[in-house]
Amino acid sequence: MPPEPPAIFAADCRACPRLAAFLEDVRTKHSDYHAAPVPAFGPLTARLLIVGLAPGMHGANATGRPFTGDYAGVLLYETLHAHGFASAPESTSADDGLELIDCRITNAVKCLPPQNKPTTEEIRTCNGFLAAEITAMQPQVILALGKIAHDAILRAKGLPLSSLRFAHGAEHTLDAETRLVDSYHCSRYNTQTRRLTPKMFHDLFARIRSHLG
């Protein structure tokens, strides 16, 4: 019998002791929160895969859906809708009816890390899920939101982290089928400091749309 293919997600994963303990504490303080590993959102058949860092405390960790209810999701979902990748411009809850179109959103780390800072070991431990997800999807474009996501994608593809340099707007060829596009993360800090402006983000998605047609 052939071996089982690697899982793209495990709802009961407790492989990282620090993250598992932190989520237990969060569940105690916020009993109505999802407070567990957060699955990807969007179809596996999508040609665009967006990779973020990790669930936010009062966003995906609360709602159970990437970037939903999170400040970082405000710009992301508005931009996705403007470029035809989402059915609505705002995502408020996991049951709000919003659908992604030819797009899937996941995270490099599936569990909420303390202070939004996963350790290198935690990123590596979670990387098998991302690698399996990319293999299952075979996306044409992968958008990395930030350097941690960029590095996680390279690791998932078995590439040296030094092989492709992260820079906002940079494009890289991962293989014959897949293009990697880099963006600053759409975090509150980056958008409020104007390191990432709505125009910069929209321009990037216009390029992605032109690649996909």
# chains A, B, ... in the order shown; residues from 1 in each chain; ligands from 1
>>> residues_around(residues="segment 195-210 of chain A", least_positions_apart="6", cutoff="7 Å", atoms="only C-alpha atoms", output="list of chain:residue names")
A:Thr79, A:His83, A:Gly169, A:Tyr184, A:Cys186
>>> select_by_dssp(residues="segment 42-82 of chain A", states="strand (DSSP E)", output="ChimeraX atom specification")
/A:48-52
>>> closest_residue(among="A:Ser163, A:Gln192, A:Thr178, A:Ser187", to="Leu48 of chain A", atoms="only C-alpha atoms")
A:Thr178
>>> closest_residue(among="A:Ala40, A:Leu159, A:Ala152, A:Leu174", to="Glu133 of chain A", atoms="only C-alpha atoms")
A:Ala40
>>> closest_residue(among="A:His168, A:His150, A:Arg188, A:Arg155", to="Arg124 of chain A", atoms="only C-alpha atoms")
A:Arg155
